[in-house]
file work_0.cif (mmCIF, C-alpha atoms)
data_input
loop_
_atom_site.label_atom_id
_atom_site.label_comp_id
_atom_site.auth_asym_id
_atom_site.auth_seq_id
_atom_site.Cartn_x
_atom_site.Cartn_y
_atom_site.Cartn_z
CA MET A 1 41.45 -16.18 -23.78
CA LYS A 2 39.89 -19.55 -24.65
CA LEU A 3 43.26 -21.26 -24.15
CA PHE A 4 43.50 -19.75 -20.66
CA GLN A 5 39.95 -20.90 -19.84
CA PHE A 6 40.79 -24.37 -21.11
CA LEU A 7 43.93 -24.57 -18.97
CA VAL A 8 42.04 -23.41 -15.88
CA LEU A 9 39.39 -26.06 -16.54
CA ILE A 10 42.04 -28.79 -16.83
CA PHE A 11 43.64 -27.60 -13.59
CA LEU A 12 40.29 -27.69 -11.79
CA LEU A 13 39.53 -31.16 -13.11
CA PHE A 14 42.84 -32.43 -11.77
CA GLN A 15 42.16 -30.81 -8.41
CA PHE A 16 38.72 -32.43 -8.27
CA ASN A 17 40.08 -35.85 -9.21
CA PHE A 18 42.74 -35.75 -6.50
CA GLU A 19 40.18 -34.71 -3.90
CA VAL A 20 37.88 -37.56 -4.90
CA ALA A 21 40.69 -40.12 -4.99
CA LEU A 22 42.20 -39.09 -1.67
CA GLY A 23 38.94 -38.21 0.00
CA ASN A 24 37.99 -34.90 1.52
CA PRO A 25 38.21 -35.07 5.31
CA ASP A 26 35.67 -32.27 5.63
CA SER A 27 33.03 -34.11 3.63
CA SER A 28 30.45 -36.41 5.08
CA ASP A 29 28.12 -39.01 3.64
CA SER A 30 25.27 -37.84 5.84
CA ASP A 31 22.07 -36.74 4.14
CA SER A 32 21.27 -34.43 7.03
CA ASN A 33 23.08 -31.55 5.32
CA ASP A 34 21.06 -31.87 2.11
CA ASP A 35 20.93 -28.38 0.62
CA SER A 36 18.56 -29.28 -2.19
CA LYS A 37 15.84 -26.76 -2.80
CA PRO A 38 12.14 -27.57 -2.83
CA VAL A 39 10.66 -28.11 -6.26
CA ASN A 40 8.74 -25.15 -7.62
CA VAL A 41 5.54 -26.80 -8.83
CA ALA A 42 4.38 -23.68 -10.67
CA TYR A 43 7.65 -23.66 -12.65
CA GLN A 44 7.27 -27.34 -13.51
CA ASN A 45 3.69 -26.75 -14.62
CA ALA A 46 4.80 -23.82 -16.76
CA TYR A 47 7.51 -25.90 -18.38
CA TYR A 48 4.96 -28.63 -19.16
CA GLU A 49 2.57 -26.10 -20.71
CA ILE A 50 5.37 -24.61 -22.83
CA LYS A 51 6.28 -28.06 -24.13
CA ASN A 52 2.63 -28.48 -25.14
CA GLY A 53 2.42 -25.06 -26.80
CA ASN A 54 0.10 -23.55 -24.17
CA PHE A 55 2.05 -20.34 -23.76
CA GLN A 56 -0.73 -18.24 -22.23
CA VAL A 57 -1.26 -20.83 -19.49
CA ALA A 58 2.51 -21.10 -19.02
CA ILE A 59 2.75 -17.35 -18.40
CA LYS A 60 0.23 -17.63 -15.55
CA TYR A 61 2.28 -20.40 -13.94
CA LEU A 62 5.52 -18.49 -14.47
CA LYS A 63 4.09 -15.43 -12.71
CA GLN A 64 3.25 -17.68 -9.75
CA ALA A 65 6.72 -19.25 -9.85
CA ALA A 66 8.40 -15.85 -9.83
CA LYS A 67 6.83 -15.07 -6.46
CA SER A 68 8.53 -17.96 -4.70
CA SER A 69 11.54 -18.96 -6.76
CA THR A 70 15.14 -17.96 -6.24
CA ASN A 71 16.02 -18.82 -9.86
CA LYS A 72 14.32 -15.88 -11.48
CA ALA A 73 16.63 -15.74 -14.54
CA ASP A 74 15.23 -19.06 -15.77
CA ILE A 75 11.69 -17.91 -15.09
CA TYR A 76 12.16 -14.61 -16.93
CA ASN A 77 13.78 -16.46 -19.81
CA LEU A 78 10.73 -18.69 -20.16
CA MET A 79 8.47 -15.65 -19.80
CA GLY A 80 10.30 -14.07 -22.73
CA TYR A 81 10.07 -17.29 -24.71
CA SER A 82 6.34 -17.63 -24.09
CA HIS A 83 5.66 -14.02 -25.04
CA ARG A 84 7.77 -14.40 -28.19
CA LYS A 85 5.79 -17.47 -29.21
CA LEU A 86 2.60 -15.42 -28.74
CA ASP A 87 4.04 -12.67 -31.00
CA LEU A 88 4.21 -10.25 -28.06
CA LEU A 89 7.67 -9.06 -29.00
CA GLU A 90 7.99 -6.02 -26.71
CA GLU A 91 7.05 -8.13 -23.70
CA ALA A 92 9.48 -10.83 -24.84
CA PHE A 93 12.32 -8.28 -24.99
CA PHE A 94 11.34 -7.02 -21.54
CA TYR A 95 11.60 -10.45 -19.94
CA TYR A 96 14.77 -11.49 -21.77
CA HIS A 97 16.42 -8.28 -20.58
CA LYS A 98 15.31 -9.03 -17.01
CA ALA A 99 16.81 -12.53 -17.25
CA LEU A 100 20.07 -11.19 -18.65
CA LYS A 101 20.25 -8.48 -16.02
CA LEU A 102 20.17 -11.21 -13.36
CA ASP A 103 22.48 -13.56 -15.28
CA PRO A 104 24.29 -11.97 -18.26
CA LEU A 105 25.72 -15.37 -19.23
CA HIS A 106 22.38 -17.21 -19.24
CA LYS A 107 22.63 -19.48 -22.28
CA GLY A 108 18.92 -19.78 -22.99
CA ALA A 109 18.22 -16.07 -22.70
CA ASN A 110 21.17 -15.21 -24.94
CA GLU A 111 20.02 -17.66 -27.59
CA TYR A 112 16.39 -16.63 -27.51
CA ILE A 113 16.97 -12.88 -27.46
CA GLY A 114 19.37 -13.37 -30.37
CA GLU A 115 16.62 -15.14 -32.29
CA LEU A 116 14.23 -12.33 -31.37
CA TYR A 117 16.70 -9.74 -32.67
CA LEU A 118 16.80 -11.62 -35.98
CA ARG A 119 13.03 -11.53 -36.08
CA THR A 120 13.18 -7.74 -35.71
CA ASN A 121 15.95 -7.49 -38.35
CA ASN A 122 18.74 -6.59 -35.94
CA LEU A 123 21.53 -8.88 -37.09
CA LYS A 124 24.22 -6.95 -35.21
CA LYS A 125 22.56 -7.51 -31.82
CA ALA A 126 21.95 -11.18 -32.61
CA GLU A 127 25.65 -11.60 -33.39
CA GLU A 128 26.56 -9.90 -30.10
CA HIS A 129 24.61 -12.56 -28.24
CA LEU A 130 26.26 -15.27 -30.35
CA GLU A 131 29.62 -13.90 -29.16
CA VAL A 132 28.47 -14.18 -25.54
CA LEU A 133 27.50 -17.79 -26.15
CA ASP A 134 30.83 -18.45 -27.82
CA ASP A 135 32.57 -17.31 -24.63
CA VAL A 136 30.19 -19.15 -22.29
CA CYS A 137 30.13 -22.45 -24.19
CA LEU A 138 33.76 -23.42 -23.92
CA PHE A 139 33.25 -26.80 -25.58
CA GLY A 140 30.18 -25.83 -27.56
CA CYS A 141 26.51 -26.01 -26.61
CA ASP A 142 23.11 -26.36 -28.23
CA GLU A 143 22.23 -22.71 -27.59
CA TYR A 144 25.30 -21.54 -29.52
CA ASP A 145 24.65 -23.99 -32.36
CA ASP A 146 20.97 -23.02 -32.61
CA LEU A 147 21.64 -19.28 -32.71
CA LYS A 148 24.51 -19.71 -35.17
CA ASP A 149 22.22 -21.73 -37.47
CA ALA A 150 19.48 -19.10 -37.18
CA ILE A 151 21.96 -16.34 -38.08
CA GLU A 152 23.23 -18.29 -41.10
CA LYS A 153 19.67 -18.86 -42.33
CA TYR A 154 18.89 -15.18 -41.79
CA LYS A 155 21.92 -14.13 -43.83
CA LYS A 156 20.92 -16.44 -46.70
CA ARG A 157 17.51 -14.76 -46.87
CA MET A 158 19.04 -11.28 -47.09
#
call {"tool": "encode", "arguments": {"input": "work_0.cif", "output": "structure tokens"}}
result
Amino acid sequence: MKLFQFLVLIFLLFQFNFEVALGNPDSSDSDSNDDSKPVNVAYQNAYYEIKNGNFQVAIKYLKQAAKSSTNKADIYNLMGYSHRKLDLLEEAFFYYHKALKLDPLHKGANEYIGELYLRTNNLKKAEEHLEVLDDVCLFGCDEYDDLKDAIEKYKKRM
């Protein structure tokens, strides 16, 4: 399966390179078709508060961000993270599950819920989320490495 994914990726890279080299007649250099989304200030504030360890304040901002954002999986992931850091484990599970329902391949949510499963002594579920990350992270990723390290440390303590 990974070999197939790798071959598809190589094919797509070649396609992209040819399109860039030859030019796409349908593309335009005009900025008038800019599809960028407005910045969600509440989300940015929440992220800042999380980085500073102010998880309760971050949750308030994340609730505001959820009202106006289209990227709710990221918001719910950070809600789960903030609740986990506050030792509110049931709420953390609730929000991680919401994030994964919206985006089952969300790297952050899979890593963090895996770490939460280790915290609740559910190694099997943590390993299931490591498998998801193994499939998602074709060339490796920090989320996979972090959860794998956490699982190895957990096993050594057993």
call {"tool": "atom_distance", "arguments": {"input": "work_0.cif", "atom1": "CA of Arg119 (chain A)", "atom2": "CA of Leu102 (chain A)"}}
result
23.8 Å
call {"tool": "resolve_selection", "arguments": {"input": "work_0.cif", "expression": "the PyMOL selection byres ((chain A and resi 154) around 12)", "output": "PyMOL selection string"}}
result
chain A and resi 114-124+126-127+147-153+155-158
call {"tool": "atom_distance", "arguments": {"input": "work_0.cif", "atom1": "CA of Lys67 (chain A)", "atom2": "CA of Lys98 (chain A)"}}
result
14.8 Å
call {"tool": "resolve_selection", "arguments": {"input": "work_0.cif", "expression": "the PyMOL selection byres ((chain A and resi 92) around 10)", "output": "tab-separated table (two decimals) with C-alpha atoms, in the frame of the given file"}}
result
chain	number	residue	atom	x	y	z
A	76	TYR	CA	12.16	-14.61	-16.93
A	77	ASN	CA	13.78	-16.46	-19.81
A	78	LEU	CA	10.73	-18.69	-20.16
A	79	MET	CA	8.47	-15.65	-19.80
A	80	GLY	CA	10.30	-14.07	-22.73
A	81	TYR	CA	10.07	-17.29	-24.71
A	82	SER	CA	6.34	-17.63	-24.09
A	83	HIS	CA	5.66	-14.02	-25.04
A	84	ARG	CA	7.77	-14.40	-28.19
A	85	LYS	CA	5.79	-17.47	-29.21
A	86	LEU	CA	2.60	-15.42	-28.74
A	87	ASP	CA	4.04	-12.67	-31.00
A	88	LEU	CA	4.21	-10.25	-28.06
A	89	LEU	CA	7.67	-9.06	-29.00
A	90	GLU	CA	7.99	-6.02	-26.71
A	91	GLU	CA	7.05	-8.13	-23.70
A	93	PHE	CA	12.32	-8.28	-24.99
A	94	PHE	CA	11.34	-7.02	-21.54
A	95	TYR	CA	11.60	-10.45	-19.94
A	96	TYR	CA	14.77	-11.49	-21.77
A	97	HIS	CA	16.42	-8.28	-20.58
A	98	LYS	CA	15.31	-9.03	-17.01
A	112	TYR	CA	16.39	-16.63	-27.51
A	113	ILE	CA	16.97	-12.88	-27.46
A	116	LEU	CA	14.23	-12.33	-31.37
call {"tool": "closest_residue", "arguments": {"input": "work_0.cif", "among": "A:Ile59, A:Ile50, A:Ala73, A:Ala109", "to": "Glu143 (chain A)", "atoms": "all atoms listed in the file"}}
result
A:Ala109
call {"tool": "atom_distance", "arguments": {"input": "work_0.cif", "atom1": "CA of Glu128 (chain A)", "atom2": "CA of Gly108 (chain A)"}}
result
14.4 Å
call {"tool": "residues_around", "arguments": {"input": "work_0.cif", "residues": "Cys141 (chain A)", "least_positions_apart": "5", "cutoff": "12 Å", "atoms": "all atoms listed in the file", "output": "NGL selection string"}}
result
:A and (107-108 or 111 or 130 or 133-136 or 146-148)
call {"tool": "residues_around", "arguments": {"input": "work_0.cif", "residues": "Tyr47 (chain A)", "least_positions_apart": "6", "cutoff": "9 Å", "atoms": "all atoms listed in the file", "output": "ChimeraX atom specification"}}
result
/A:58,61-62,78
call {"tool": "closest_residue", "arguments": {"input": "work_0.cif", "among": "A:Val132, A:Leu138, A:Leu105, A:Ala46", "to": "Ala66 (chain A)", "atoms": "all atoms listed in the file"}}
result
A:Ala46
call {"tool": "closest_residue", "arguments": {"input": "work_0.cif", "among": "A:Gly140, A:Glu131, A:Thr70, A:Lys60", "to": "Asn40 (chain A)", "atoms": "only C-alpha atoms"}}
result
A:Thr70
call {"tool": "axis_aligned_box", "arguments": {"input": "work_0.cif", "around": "region 41-52 of chain A", "padding_each_side": "8 Å", "output": "lines of an AutoDock Vina configuration file"}}
result
center_x = 5.1
center_y = -26.1
center_z = -17.0
size_x = 21.1
size_y = 21.0
size_z = 32.3
call {"tool": "build_atoms", "arguments": {"input": "work_0.cif", "residues": "region 65-78 of chain A", "atoms": "N, CA and C atoms", "output": "compact mmCIF listing (two decimals), in the frame of the given file"}}
result
# COMPACT_ATOMS: atom_id res chain seq x y z
N ALA A 65 5.38 -18.74 -10.19
CA ALA A 65 6.72 -19.25 -9.85
C ALA A 65 7.66 -18.12 -9.46
N ALA A 66 7.52 -16.98 -10.11
CA ALA A 66 8.40 -15.85 -9.83
C ALA A 66 8.23 -15.32 -8.41
N LYS A 67 7.08 -15.55 -7.82
CA LYS A 67 6.83 -15.07 -6.46
C LYS A 67 7.61 -15.86 -5.42
N SER A 68 7.91 -17.12 -5.72
CA SER A 68 8.53 -17.96 -4.70
C SER A 68 9.89 -18.53 -5.09
N SER A 69 10.30 -18.34 -6.30
CA SER A 69 11.54 -18.96 -6.76
C SER A 69 12.75 -18.07 -6.53
N THR A 70 13.88 -18.71 -6.33
CA THR A 70 15.14 -17.96 -6.24
C THR A 70 15.84 -17.94 -7.60
N ASN A 71 15.39 -18.75 -8.55
CA ASN A 71 16.02 -18.82 -9.86
C ASN A 71 15.20 -18.02 -10.87
N LYS A 72 15.16 -16.73 -10.66
CA LYS A 72 14.32 -15.88 -11.48
C LYS A 72 14.82 -15.72 -12.91
N ALA A 73 16.12 -15.88 -13.18
CA ALA A 73 16.63 -15.74 -14.54
C ALA A 73 15.98 -16.79 -15.45
N ASP A 74 15.88 -18.02 -14.97
CA ASP A 74 15.23 -19.06 -15.77
C ASP A 74 13.76 -18.74 -15.99
N ILE A 75 13.11 -18.25 -14.97
CA ILE A 75 11.69 -17.91 -15.09
C ILE A 75 11.49 -16.79 -16.10
N TYR A 76 12.30 -15.73 -15.99
CA TYR A 76 12.16 -14.61 -16.93
C TYR A 76 12.51 -15.03 -18.35
N ASN A 77 13.46 -15.94 -18.50
CA ASN A 77 13.78 -16.46 -19.81
C ASN A 77 12.57 -17.16 -20.42
N LEU A 78 11.92 -17.99 -19.64
CA LEU A 78 10.73 -18.69 -20.16
C LEU A 78 9.56 -17.73 -20.38
